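Okay, final.cif is below, mmCIF, C-alpha atoms (C1' of nucleotides):
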data_input
loop_
_atom_site.label_atom_id
_atom_site.label_comp_id
_atom_site.auth_asym_id
_atom_site.auth_seq_id
_atom_site.Cartn_x
_atom_site.Cartn_y
_atom_site.Cartn_z
CA MET A 1 42.47 135.78 73.45
CA ALA A 2 43.51 136.33 77.04
CA GLY A 3 40.03 137.76 77.59
CA ARG A 4 39.05 137.77 81.25
CA THR A 5 42.58 138.01 82.51
CA ALA A 6 43.69 140.68 80.07
CA GLY A 7 44.24 143.31 82.73
CA ALA A 8 45.75 140.90 85.24
CA ARG A 9 49.35 141.57 84.34
CA ARG A 10 48.74 145.28 84.24
CA ALA A 11 47.22 145.19 87.73
CA GLU A 12 50.11 143.09 88.99
CA ILE A 13 52.59 145.62 87.64
CA LEU A 14 50.73 148.49 89.23
CA ARG A 15 50.68 146.76 92.60
CA ALA A 16 54.41 146.01 92.52
CA ALA A 17 55.16 149.53 91.31
CA ALA A 18 53.16 151.01 94.18
CA ASP A 19 55.29 149.16 96.72
CA LEU A 20 58.52 150.23 95.06
CA PHE A 21 57.47 153.86 94.53
CA ALA A 22 56.32 154.09 98.14
CA ALA A 23 59.60 152.70 99.42
CA ARG A 24 62.12 154.53 97.24
CA GLY A 25 60.24 157.26 95.40
CA PHE A 26 59.35 157.47 91.71
CA HIS A 27 62.81 158.48 90.55
CA GLY A 28 64.45 155.93 92.82
CA VAL A 29 62.92 153.01 90.93
CA SER A 30 64.15 151.98 87.49
CA ILE A 31 62.32 150.21 84.71
CA ASP A 32 64.49 147.17 85.33
CA ASP A 33 63.53 147.23 89.01
CA LEU A 34 59.87 147.23 88.05
CA GLY A 35 60.40 144.38 85.61
CA LYS A 36 62.23 142.24 88.14
CA ALA A 37 59.49 142.85 90.70
CA VAL A 38 56.97 141.09 88.46
CA GLY A 39 59.23 138.32 87.21
CA THR A 40 59.90 139.70 83.76
CA SER A 41 62.84 141.86 82.99
CA GLY A 42 63.08 145.46 81.93
CA PRO A 43 61.38 146.67 78.82
CA ALA A 44 58.55 144.12 78.95
CA LEU A 45 56.63 146.89 80.70
CA TYR A 46 56.25 148.75 77.44
CA ARG A 47 53.77 146.07 76.36
CA HIS A 48 51.43 147.36 79.08
CA PHE A 49 52.26 151.04 79.52
CA PRO A 50 53.63 153.58 77.05
CA GLY A 51 56.25 154.69 79.59
CA LYS A 52 57.24 155.08 83.19
CA ASP A 53 55.38 158.38 83.55
CA ALA A 54 52.22 156.83 82.12
CA LEU A 55 52.46 154.01 84.64
CA LEU A 56 52.53 156.48 87.52
CA ALA A 57 49.69 158.46 85.98
CA ALA A 58 47.55 155.35 85.60
CA MET A 59 48.23 154.40 89.20
CA LEU A 60 47.30 157.79 90.62
CA LEU A 61 44.26 158.06 88.38
CA GLU A 62 43.00 154.68 89.50
CA VAL A 63 43.44 155.31 93.21
CA SER A 64 41.97 158.81 92.97
CA GLU A 65 38.94 157.41 91.20
CA ARG A 66 38.50 154.69 93.79
CA LEU A 67 38.74 157.16 96.66
CA ALA A 68 36.41 159.67 95.04
CA ALA A 69 33.80 157.06 94.12
CA ASP A 70 33.96 155.41 97.52
CA GLY A 71 33.75 158.79 99.24
CA ARG A 72 30.73 159.89 97.23
CA GLN A 73 28.93 156.63 97.87
CA ARG A 74 29.58 156.69 101.60
CA ALA A 75 28.87 160.38 102.08
CA GLU A 76 25.56 160.23 100.25
CA ALA A 77 24.43 156.96 101.78
CA CYS A 78 23.01 158.48 104.92
CA GLY A 79 21.47 161.80 105.89
CA ASP A 80 22.88 162.10 109.37
CA PRO A 81 26.18 163.95 109.07
CA HIS A 82 27.61 162.18 112.11
CA ARG A 83 27.05 158.82 110.47
CA ALA A 84 28.31 160.13 107.14
CA LEU A 85 31.53 161.31 108.73
CA ASP A 86 32.02 157.95 110.38
CA GLU A 87 31.45 156.24 107.06
CA LEU A 88 34.03 158.45 105.37
CA LEU A 89 36.50 157.75 108.17
CA ARG A 90 35.96 154.00 108.04
CA GLY A 91 36.30 153.93 104.28
CA HIS A 92 39.53 155.90 104.26
CA ILE A 93 40.95 153.87 107.13
CA ARG A 94 40.16 150.60 105.41
CA PHE A 95 41.92 151.89 102.32
CA ALA A 96 44.95 153.13 104.25
CA LEU A 97 45.32 149.87 106.13
CA THR A 98 44.70 147.66 103.10
CA GLU A 99 46.98 149.48 100.67
CA PRO A 100 49.43 151.67 102.51
CA ALA A 101 51.73 151.86 99.49
CA LEU A 102 48.99 153.28 97.28
CA ILE A 103 48.08 155.84 99.91
CA THR A 104 51.69 156.88 100.24
CA VAL A 105 52.25 157.30 96.53
CA HIS A 106 48.91 159.04 96.18
CA ASP A 107 49.90 162.03 98.28
CA ARG A 108 53.58 162.19 97.41
CA GLU A 109 54.04 161.70 93.71
CA LEU A 110 51.48 163.94 92.05
CA GLY A 111 54.30 166.31 91.24
CA ASN A 112 55.84 163.74 88.94
CA VAL A 113 52.93 163.34 86.53
CA ALA A 114 52.72 165.70 83.57
CA GLU A 115 49.94 168.02 82.56
CA PRO A 116 47.49 165.98 80.57
CA HIS A 117 46.62 163.61 83.42
CA ARG A 118 47.65 165.81 86.29
CA ARG A 119 44.59 168.00 86.01
CA ARG A 120 42.22 165.04 86.11
CA ILE A 121 43.89 163.57 89.16
CA ARG A 122 43.78 166.93 90.91
CA ARG A 123 40.11 167.26 90.12
CA LEU A 124 39.35 163.85 91.55
CA GLN A 125 41.38 164.53 94.69
CA ARG A 126 39.65 167.87 95.13
CA GLY A 127 36.27 166.20 94.69
CA TYR A 128 37.13 163.72 97.43
CA VAL A 129 38.18 166.51 99.77
CA GLU A 130 34.96 168.37 99.03
CA GLN A 131 32.92 165.33 100.03
CA TRP A 132 34.52 165.52 103.45
CA VAL A 133 34.18 169.29 103.59
CA GLY A 134 30.50 169.04 102.73
CA VAL A 135 29.80 166.64 105.57
CA LEU A 136 31.92 168.59 107.99
CA ALA A 137 30.21 171.87 107.10
CA ARG A 138 26.93 170.47 108.38
CA LEU A 139 28.59 169.55 111.67
CA ARG A 140 30.39 172.86 112.14
CA PRO A 141 28.34 175.58 110.50
CA GLU A 142 30.44 178.30 112.09
CA ALA A 143 33.68 177.30 110.31
CA ASP A 144 34.64 178.78 106.94
CA PRO A 145 35.53 176.53 103.97
CA PRO A 146 39.30 177.16 103.95
CA THR A 147 39.52 176.13 107.57
CA LEU A 148 37.45 173.03 106.87
CA ARG A 149 39.67 172.12 103.94
CA ALA A 150 42.77 172.49 106.08
CA ALA A 151 41.16 170.37 108.77
CA VAL A 152 40.35 167.65 106.25
CA HIS A 153 43.91 167.64 104.95
CA ALA A 154 45.16 167.36 108.50
CA ALA A 155 42.84 164.42 109.10
CA PHE A 156 44.18 162.75 105.95
CA GLY A 157 47.67 163.19 107.31
CA LEU A 158 46.60 161.49 110.50
CA LEU A 159 44.90 158.58 108.74
CA ASN A 160 47.72 158.17 106.24
CA SER A 161 50.30 157.80 109.01
CA THR A 162 49.63 154.07 108.72
CA PRO A 163 52.74 153.31 106.65
CA HIS A 164 54.94 154.71 109.43
CA SER A 165 53.43 152.70 112.25
CA ALA A 166 51.38 149.84 110.84
CA GLN A 167 54.05 147.32 111.67
CA GLN A 168 53.65 147.93 115.37
CA MET A 169 49.98 147.11 115.80
CA ALA A 170 47.40 144.65 114.56
CA SER A 171 45.05 145.94 111.91
CA GLU A 172 41.84 145.81 113.94
CA PRO A 173 42.87 147.91 116.99
CA MET A 174 44.78 150.21 114.66
CA ALA A 175 41.58 150.92 112.74
CA GLU A 176 39.74 151.69 115.97
CA LEU A 177 42.55 153.98 117.13
CA LEU A 178 42.57 155.92 113.87
CA LEU A 179 38.79 156.17 113.88
CA SER A 180 38.58 157.67 117.35
CA MET A 181 41.52 160.00 116.76
CA GLY A 182 40.22 161.18 113.40
CA ARG A 183 36.74 161.78 114.72
CA ALA A 184 38.03 163.67 117.74
CA ALA A 185 40.35 165.81 115.62
CA LEU A 186 37.66 166.81 113.15
CA LEU A 187 35.08 167.56 115.82
CA ALA A 188 37.45 169.35 118.21
CA GLU A 189 36.34 172.67 119.65
CA ARG A 190 38.45 175.63 118.69
CA MET B 1 89.63 183.00 106.84
CA ALA B 2 85.95 183.17 106.25
CA GLY B 3 85.63 182.53 109.98
CA ARG B 4 82.27 183.48 111.42
CA THR B 5 80.42 182.99 108.18
CA ALA B 6 82.12 179.73 107.29
CA GLY B 7 78.96 177.70 107.59
CA ALA B 8 76.78 180.26 105.86
CA ARG B 9 77.07 178.76 102.41
CA ARG B 10 76.58 175.30 103.81
CA ALA B 11 73.37 176.36 105.53
CA GLU B 12 72.16 178.07 102.38
CA ILE B 13 72.75 174.90 100.39
CA LEU B 14 70.90 172.80 102.95
CA ARG B 15 67.92 175.14 102.88
CA ALA B 16 67.69 175.12 99.09
CA ALA B 17 68.18 171.35 99.01
CA ALA B 18 65.35 170.87 101.49
CA ASP B 19 62.95 172.72 99.21
CA LEU B 20 64.01 170.74 96.17
CA PHE B 21 64.01 167.37 97.92
CA ALA B 22 60.58 168.06 99.38
CA ALA B 23 59.19 169.01 95.98
CA ARG B 24 60.70 166.32 93.76
CA GLY B 25 62.25 163.70 96.02
CA PHE B 26 65.93 162.97 96.64
CA HIS B 27 66.49 161.10 93.38
CA GLY B 28 64.52 163.69 91.43
CA VAL B 29 67.06 166.42 92.16
CA SER B 30 70.44 166.51 90.47
CA ILE B 31 73.69 168.03 91.65
CA ASP B 32 73.35 170.67 88.95
CA ASP B 33 69.84 171.49 90.18
CA LEU B 34 71.24 172.02 93.68
CA GLY B 35 74.03 174.19 92.37
CA LYS B 36 71.72 176.38 90.33
CA ALA B 37 69.44 176.83 93.32
CA VAL B 38 72.23 178.57 95.24
CA GLY B 39 73.64 180.58 92.34
CA THR B 40 76.71 178.46 91.71
CA SER B 41 76.74 175.68 89.23
CA GLY B 42 77.12 171.98 89.70
CA PRO B 43 80.17 170.52 91.36
CA ALA B 44 80.81 173.53 93.60
CA LEU B 45 78.84 171.56 96.18
CA TYR B 46 81.75 169.21 96.69
CA ARG B 47 83.57 172.03 98.47
CA HIS B 48 80.95 171.81 101.22
CA PHE B 49 79.79 168.18 101.22
CA PRO B 50 81.59 164.99 100.23
CA GLY B 51 78.63 163.93 98.11
CA LYS B 52 74.93 164.05 97.52
CA ASP B 53 74.21 161.30 100.05
CA ALA B 54 76.23 163.10 102.70
CA LEU B 55 74.23 166.26 102.07
CA LEU B 56 70.99 164.43 102.75
CA ALA B 57 72.47 162.76 105.81
CA ALA B 58 73.63 166.10 107.22
CA MET B 59 70.22 167.58 106.62
CA LEU B 60 68.32 164.78 108.35
CA LEU B 61 70.81 164.67 111.20
CA GLU B 62 70.46 168.37 111.80
CA VAL B 63 66.67 168.41 111.79
CA SER B 64 66.46 165.29 113.93
CA GLU B 65 68.78 166.84 116.47
CA ARG B 66 66.79 170.05 116.52
CA LEU B 67 63.52 168.21 117.01
CA ALA B 68 64.91 165.91 119.69
CA ALA B 69 66.58 168.72 121.63
CA ASP B 70 63.53 170.96 121.38
CA GLY B 71 61.27 168.11 122.42
CA ARG B 72 63.37 167.20 125.44
CA GLN B 73 63.55 170.80 126.58
CA ARG B 74 59.83 171.38 126.21
CA ALA B 75 58.76 168.07 127.73
CA GLU B 76 60.96 168.45 130.78
CA ALA B 77 60.20 172.12 131.32
CA CYS B 78 57.01 171.54 133.27
CA GLY B 79 55.64 168.85 135.52
CA ASP B 80 52.02 169.02 134.46
CA PRO B 81 51.58 166.57 131.61
CA HIS B 82 48.78 168.61 130.06
CA ARG B 83 51.06 171.60 129.82
CA ALA B 84 53.94 169.44 128.62
CA LEU B 85 51.79 168.02 125.82
CA ASP B 86 50.75 171.50 124.78
CA GLU B 87 54.37 172.55 124.74
CA LEU B 88 55.30 169.62 122.53
CA LEU B 89 52.44 170.39 120.21
CA ARG B 90 53.32 174.07 119.95
CA GLY B 91 56.97 173.30 119.32
CA HIS B 92 56.24 170.81 116.57
CA ILE B 93 53.64 173.08 114.99
CA ARG B 94 56.03 176.01 114.95
CA PHE B 95 58.60 173.82 113.26
CA ALA B 96 56.14 172.43 110.72
CA LEU B 97 54.86 175.90 109.81
CA THR B 98 58.30 177.50 109.72
CA GLU B 99 60.06 174.81 107.70
CA PRO B 100 57.57 172.62 105.90
CA ALA B 101 60.20 171.37 103.47
CA LEU B 102 62.42 170.09 106.26
CA ILE B 103 59.51 168.33 107.92
CA THR B 104 58.58 166.70 104.63
CA VAL B 105 62.06 165.46 103.88
CA HIS B 106 62.46 164.35 107.49
CA ASP B 107 59.78 161.70 107.31
CA ARG B 108 60.20 160.66 103.67
CA GLU B 109 63.86 160.33 102.86
CA LEU B 110 65.36 158.32 105.69
CA GLY B 111 65.42 155.35 103.36
CA ASN B 112 67.98 157.09 101.16
CA VAL B 113 70.71 157.57 103.76
CA ALA B 114 73.21 154.77 104.23
CA GLU B 115 74.08 152.87 107.35
CA PRO B 116 76.69 154.87 109.19
CA HIS B 117 74.41 157.90 109.73
CA ARG B 118 71.10 156.15 109.41
CA ARG B 119 71.31 154.57 112.82
CA ARG B 120 72.00 157.90 114.52
CA ILE B 121 69.08 159.59 112.79
CA ARG B 122 66.80 156.71 113.72
CA ARG B 123 67.91 156.94 117.33
CA LEU B 124 67.19 160.66 117.44
CA GLN B 125 63.80 160.24 115.82
CA ARG B 126 62.94 157.44 118.24
CA GLY B 127 64.05 159.60 121.16
CA TYR B 128 61.74 162.37 120.01
CA VAL B 129 58.82 159.96 119.73
CA GLU B 130 59.56 158.63 123.21
CA GLN B 131 59.36 162.14 124.64
CA TRP B 132 55.82 162.34 123.37
CA VAL B 133 55.01 158.80 124.49
CA GLY B 134 56.33 159.57 127.98
CA VAL B 135 54.10 162.59 128.37
CA LEU B 136 51.12 160.80 126.88
CA ALA B 137 51.58 157.79 129.17
CA ARG B 138 50.95 160.03 132.18
CA LEU B 139 47.73 161.29 130.62
CA ARG B 140 46.44 157.85 129.57
CA PRO B 141 47.79 155.29 132.02
CA GLU B 142 45.51 152.59 130.63
CA ALA B 143 47.06 152.59 127.14
CA ASP B 144 49.94 150.29 126.25
CA PRO B 145 53.15 151.68 124.71
CA PRO B 146 52.63 150.36 121.16
CA THR B 147 49.25 152.06 121.00
CA LEU B 148 50.74 155.26 122.33
CA ARG B 149 53.51 155.14 119.76
CA ALA B 150 51.01 154.64 116.96
CA ALA B 151 48.95 157.52 118.29
CA VAL B 152 52.01 159.77 118.35
CA HIS B 153 52.89 158.86 114.77
CA ALA B 154 49.32 159.60 113.76
CA ALA B 155 49.56 162.99 115.46
CA PHE B 156 52.78 163.71 113.58
CA GLY B 157 50.98 162.89 110.36
CA LEU B 158 48.31 165.38 111.30
CA LEU B 159 50.75 168.14 112.23
CA ASN B 160 52.95 167.49 109.20
CA SER B 161 50.04 167.94 106.82
CA THR B 162 51.07 171.58 106.68
CA PRO B 163 52.87 171.29 103.33
CA HIS B 164 49.63 170.11 101.69
CA SER B 165 47.45 172.91 102.95
CA ALA B 166 49.58 175.75 104.27
CA GLN B 167 48.93 177.86 101.19
CA GLN B 168 45.27 178.11 102.00
CA MET B 169 45.44 179.66 105.44
CA ALA B 170 47.40 182.25 107.37
CA SER B 171 50.01 180.90 109.71
CA GLU B 172 48.42 182.04 112.97
CA PRO B 173 44.95 180.47 112.64
CA MET B 174 46.55 177.42 111.08
CA ALA B 175 48.66 176.95 114.18
CA GLU B 176 45.58 177.20 116.37
CA LEU B 177 43.70 174.73 114.22
CA LEU B 178 46.51 172.19 114.34
CA LEU B 179 46.89 172.66 118.09
CA SER B 180 43.26 171.96 118.86
CA MET B 181 43.06 169.06 116.41
CA GLY B 182 46.27 167.48 117.68
CA ARG B 183 45.27 167.82 121.30
CA ALA B 184 41.82 166.39 120.66
CA ALA B 185 43.23 163.47 118.67
CA LEU B 186 45.76 162.51 121.32
CA LEU B 187 43.30 162.81 124.19
CA ALA B 188 40.37 161.14 122.42
CA GLU B 189 38.49 158.44 124.30
CA ARG B 190 38.57 155.03 122.72
"C1'" DC C 1 47.94 124.14 58.98
"C1'" DT C 2 48.54 128.72 58.76
"C1'" DC C 3 48.57 133.05 60.49
"C1'" DC C 4 48.50 136.71 63.70
"C1'" DG C 5 48.42 139.30 67.84
"C1'" DC C 6 50.09 139.20 72.55
"C1'" DA C 7 53.88 139.14 75.61
"C1'" DG C 8 58.35 138.43 76.27
"C1'" DT C 9 63.61 138.51 75.16
"C1'" DT C 10 68.42 140.83 74.30
"C1'" DA C 11 71.11 144.56 72.22
"C1'" DA C 12 71.76 149.19 71.30
"C1'" DT C 13 71.22 154.31 71.66
"C1'" DG C 14 71.28 158.88 73.45
"C1'" DA C 15 70.78 161.52 77.47
"C1'" DA C 16 71.45 162.48 82.30
"C1'" DC C 17 73.79 161.78 86.48
"C1'" DG C 18 77.37 161.62 90.25
"C1'" DC C 19 81.80 162.54 90.73
"C1'" DT C 20 86.83 163.76 89.69
"C1'" DA C 21 90.49 166.48 87.64
"C1'" DA C 22 92.72 170.54 86.34
"C1'" DC C 23 92.67 175.13 86.42
"C1'" DA C 24 91.15 180.22 88.03
"C1'" DT C 25 90.13 183.95 91.37
"C1'" DC C 26 90.81 186.33 95.40
"C1'" DG C 27 91.14 187.95 100.32
"C1'" DG C 28 94.05 187.75 103.94
"C1'" DT C 29 98.89 186.59 106.16
"C1'" DG C 30 103.88 186.23 106.84
"C1'" DC D 1 105.16 190.74 97.30
"C1'" DA D 2 104.70 185.98 97.51
"C1'" DC D 3 101.89 182.50 99.11
"C1'" DC D 4 97.87 179.81 100.44
"C1'" DG D 5 93.50 178.13 101.63
"C1'" DA D 6 88.78 178.69 100.48
"C1'" DT D 7 85.64 178.65 96.79
"C1'" DG D 8 84.60 178.69 92.32
"C1'" DT D 9 84.88 177.25 87.12
"C1'" DT D 10 84.70 173.89 82.89
"C1'" DA D 11 85.81 169.35 80.78
"C1'" DG D 12 85.64 164.73 81.02
"C1'" DC D 13 84.91 159.84 82.88
"C1'" DG D 14 82.20 155.89 83.80
"C1'" DT D 15 77.67 154.43 84.98
"C1'" DT D 16 72.88 154.22 84.90
"C1'" DC D 17 68.56 155.21 82.89
"C1'" DA D 18 64.42 155.36 79.76
"C1'" DT D 19 63.33 154.10 75.51
"C1'" DT D 20 63.55 151.79 70.91
"C1'" DA D 21 64.63 148.04 67.63
"C1'" DA D 22 64.76 143.49 66.11
"C1'" DC D 23 63.75 139.04 67.05
"C1'" DT D 24 61.22 134.80 69.45
"C1'" DG D 25 57.58 131.77 71.26
"C1'" DC D 26 52.94 130.72 71.67
"C1'" DG D 27 47.84 130.13 71.88
"C1'" DG D 28 43.74 130.59 69.50
"C1'" DA D 29 40.79 131.85 64.99
"C1'" DG D 30 39.85 130.93 60.29
#
Encoded form using structure tokens:
Amino acid sequence: MAGRTAGARRAEILRAAADLFAARGFHGVSIDDLGKAVGTSGPALYRHFPGKDALLAAMLLEVSERLAADGRQRAEACGDPHRALDELLRGHIRFALTEPALITVHDRELGNVAEPHRRRIRRLQRGYVEQWVGVLARLRPEADPPTLRAAVHAAFGLLNSTPHSAQQMASEPMAELLLSMGRAALLAER
Amino acid sequence: MAGRTAGARRAEILRAAADLFAARGFHGVSIDDLGKAVGTSGPALYRHFPGKDALLAAMLLEVSERLAADGRQRAEACGDPHRALDELLRGHIRFALTEPALITVHDRELGNVAEPHRRRIRRLQRGYVEQWVGVLARLRPEADPPTLRAAVHAAFGLLNSTPHSAQQMASEPMAELLLSMGRAALLAER
DNA sequence: CTCCGCAGTTAATGAACGCTAACATCGGTG
DNA sequence: CACCGATGTTAGCGTTCATTAACTGCGGAG
């Protein structure tokens, strides 16, 4: 059998789909577009996914799991909340710079996945946010959870701005810029 | 004639369309959806706009003009760059909190408007960014323009996070939170 | 050698979409 | 009162879309 490389085509499709969905939106991309992007044409996709919706769901599930797992690992790796926050920032920045399309789709297209998977994705996203909130709560004991959650979402917006401006700067200084801005924003006095 | 209220229906359509486009994306909203949202049905829209694309173009043009004009006015109103930056921040925050749907569509759907209008919208958006860059350049003379532009885009991402988290907090403390985070991010040491 | 499952093809189907056409209503104007 | 422009309506046209059906080629297991 195809064995080791069984999921290769599937991963290739997901990657191409992420680029297209990020550029034109879920409904702006047709099955034929997706097929052409991976060298096959049209309905060949149904050998790998039961439908267009399922493809989006799989994509969001995968990226949410990666973010949540990475966040948990980084947040729990060290006791000092300052270091933990920096780890979370560096992890998210690496992700945003490495796969801007995935990041874009991740926070735009949840509304287009139906109820069975939607709940799971939401739960994973919420878990990721709570990792950040947990670290931040130790750094700002005076702030209440809703405010911290809003602050974390705002920081995500900042870090995820990569797709809009990544073309203008090299990846290394961009990462440093986002790190310092994110840290300053989250630790700002109010 | 309908005279004074001639543009009323048009404005109502644009407002409803902004909500729908923000929620489901341009291609995820049909003409019939737009009609139903304003109480008429379907093709009545063609009395007010030549087509769906033109509706989006008008919407983005309008919001870009508002942002650019507001930005110019606020940036030029005072000589102190610290005050000017605060003015820009407050203006953008007010906009983002007042019309989250417009802000969302504004930075997502440019790719769906065709070339005649696209250039004008781009020019307006770039002009708005340059207002911010101009103010910021006086506060951080050591930074080069590409870095400043990236920082401004990142700040926009932060401020525009409102749609993801506005439900959780009241408008007033949210505005204060965004102001302090945005200011801290833009003035962060590197 | 045979067989079978994987991955692809083209053709077809039913629904949805953007848009146009033809017709209706109605408030104000000459 | 007749007319007209503004603003609706419904029906229909052509296209595109997601999905299914039927068929093909192929690489490895028995």
Spatial neighbours of DG14 of chain C, 12 Å, all atoms listed in the file, chain gap at least 3 places, as a PyMOL selection string: chain D and resi 17-20
Would you write out, as a tab-separated table, a table of all residues in chain A that have an atom no more than 8 Å from an atom of chain B, listing for each the closest atom pair and the distance in Å to one decimal, considering all atoms listed in the file and ordering rows by chain and rising residue number?
residue	atom	partner	partner_atom	distance
A:Ala23	CA	B:Gly111	CA	7.5
A:Arg24	CA	B:Gly111	CA	7.0
A:Gly25	CA	B:Gly25	CA	6.8
A:His27	CA	B:His27	CA	5.3
A:Gly28	CA	B:His27	CA	5.6
A:Gly111	CA	B:Arg24	CA	6.9
A:Asn112	CA	B:Arg24	CA	7.3
A:Pro146	CA	B:Gln168	CA	6.4
A:Thr147	CA	B:Met169	CA	7.2
A:Arg149	CA	B:Ser165	CA	7.9
A:Ala150	CA	B:Ser165	CA	5.6
A:Ala151	CA	B:Leu177	CA	7.4
A:His153	CA	B:Ser161	CA	6.4
A:Ala154	CA	B:Leu158	CA	4.7
A:Ala155	CA	B:Leu158	CA	6.0
A:Phe156	CA	B:Leu158	CA	7.3
A:Gly157	CA	B:Gly157	CA	4.5
A:Leu158	CA	B:Leu158	CA	4.3
A:Leu159	CA	B:Ala154	CA	6.8
A:Asn160	CA	B:Gly157	CA	7.1
A:Ser161	CA	B:Ala154	CA	5.2
A:Thr162	CA	B:Ala154	CA	7.5
A:His164	CA	B:His153	CA	7.1
A:Ser165	CA	B:Ala150	CA	5.6
A:Ala166	CA	B:Ala150	CA	7.8
A:Gln168	CA	B:Pro146	CA	6.4
A:Met169	CA	B:Pro146	CA	6.8
A:Met174	CA	B:Thr147	CA	8.0
A:Glu176	CA	B:Arg190	CA	7.6
A:Leu177	CA	B:Arg190	CA	6.9
A:Leu178	CA	B:Ala154	CA	7.7
A:Ser180	CA	B:Arg190	CA	6.0
A:Met181	CA	B:Ala185	CA	4.3
A:Gly182	CA	B:Ala185	CA	6.5
A:Arg183	CA	B:Ala185	CA	7.8
A:Ala184	CA	B:Ala185	CA	5.3
A:Ala185	CA	B:Met181	CA	4.3
A:Leu186	CA	B:Met181	CA	6.7
A:Ala188	CA	B:Ala184	CA	5.8
A:Glu189	CA	B:Ser180	CA	7.0
A:Arg190	CA	B:Ser180	CA	6.1
d(atom C1' of DT9 of chain C, atom CA of Val113 of chain A) in Å: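 Separation between atom C1' of DT9 of chain C and atom CA of Val113 of chain A: 29.3 Å.
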Please write out, as JSON, where the centre of an axis-aligned box around all listed atoms of segment 45-51 of chain B lies and how long its edges are, in Å to one decimal, after adding 6 Å on each side.
{"center_x": 81.1, "center_y": 168.0, "center_z": 98.7, "size_x": 16.9, "size_y": 20.1, "size_z": 17.0}
Chain D residues near chain B (12 Å cut-off, only C-alpha atoms (C1' of nucleotides)) as an MDAnalysis selection string: chainID D and resid 4:10
Restricting the output to C-alpha atoms (C1' of nucleotides), write the selected residues as a short mmCIF file (atom, residue, chain, number, x, y, z; two decimals), keeping the file's coordinate frame.
data_model
loop_
_atom_site.label_atom_id
_atom_site.label_comp_id
_atom_site.auth_asym_id
_atom_site.auth_seq_id
_atom_site.Cartn_x
_atom_site.Cartn_y
_atom_site.Cartn_z
"C1'" DC D 4 97.87 179.81 100.44
"C1'" DG D 5 93.50 178.13 101.63
"C1'" DA D 6 88.78 178.69 100.48
"C1'" DT D 7 85.64 178.65 96.79
"C1'" DG D 8 84.60 178.69 92.32
"C1'" DT D 9 84.88 177.25 87.12
"C1'" DT D 10 84.70 173.89 82.89
#
With N, CA and C atoms as the atom set, please write segment 11-23 of chain B from the structure just given, as a short mmCIF file (atom, residue, chain, number, x, y, z; two decimals), in the first residue's frame.
data_model
loop_
_atom_site.label_atom_id
_atom_site.label_comp_id
_atom_site.auth_asym_id
_atom_site.auth_seq_id
_atom_site.Cartn_x
_atom_site.Cartn_y
_atom_site.Cartn_z
N ALA B 11 -28.08 53.74 2.20
CA ALA B 11 -27.28 53.61 3.42
C ALA B 11 -27.73 52.40 4.24
N GLU B 12 -29.05 52.20 4.27
CA GLU B 12 -29.58 51.06 5.02
C GLU B 12 -29.08 49.74 4.43
N ILE B 13 -29.07 49.69 3.09
CA ILE B 13 -28.57 48.48 2.42
C ILE B 13 -27.09 48.26 2.76
N LEU B 14 -26.32 49.34 2.70
CA LEU B 14 -24.89 49.20 2.97
C LEU B 14 -24.64 48.70 4.39
N ARG B 15 -25.43 49.21 5.31
CA ARG B 15 -25.24 48.79 6.71
C ARG B 15 -25.55 47.30 6.87
N ALA B 16 -26.69 46.89 6.31
CA ALA B 16 -27.06 45.47 6.42
C ALA B 16 -26.03 44.59 5.71
N ALA B 17 -25.58 45.06 4.54
CA ALA B 17 -24.60 44.28 3.78
C ALA B 17 -23.30 44.13 4.57
N ALA B 18 -22.91 45.18 5.27
CA ALA B 18 -21.67 45.11 6.06
C ALA B 18 -21.77 44.00 7.09
N ASP B 19 -22.89 43.93 7.79
CA ASP B 19 -23.07 42.87 8.79
C ASP B 19 -22.97 41.49 8.15
N LEU B 20 -23.67 41.32 7.03
CA LEU B 20 -23.68 40.01 6.39
C LEU B 20 -22.30 39.65 5.83
N PHE B 21 -21.66 40.59 5.16
CA PHE B 21 -20.34 40.32 4.60
C PHE B 21 -19.35 39.99 5.72
N ALA B 22 -19.43 40.71 6.82
CA ALA B 22 -18.51 40.45 7.93
C ALA B 22 -18.73 39.06 8.50
N ALA B 23 -19.99 38.63 8.55
CA ALA B 23 -20.29 37.35 9.18
C ALA B 23 -19.97 36.17 8.27
#
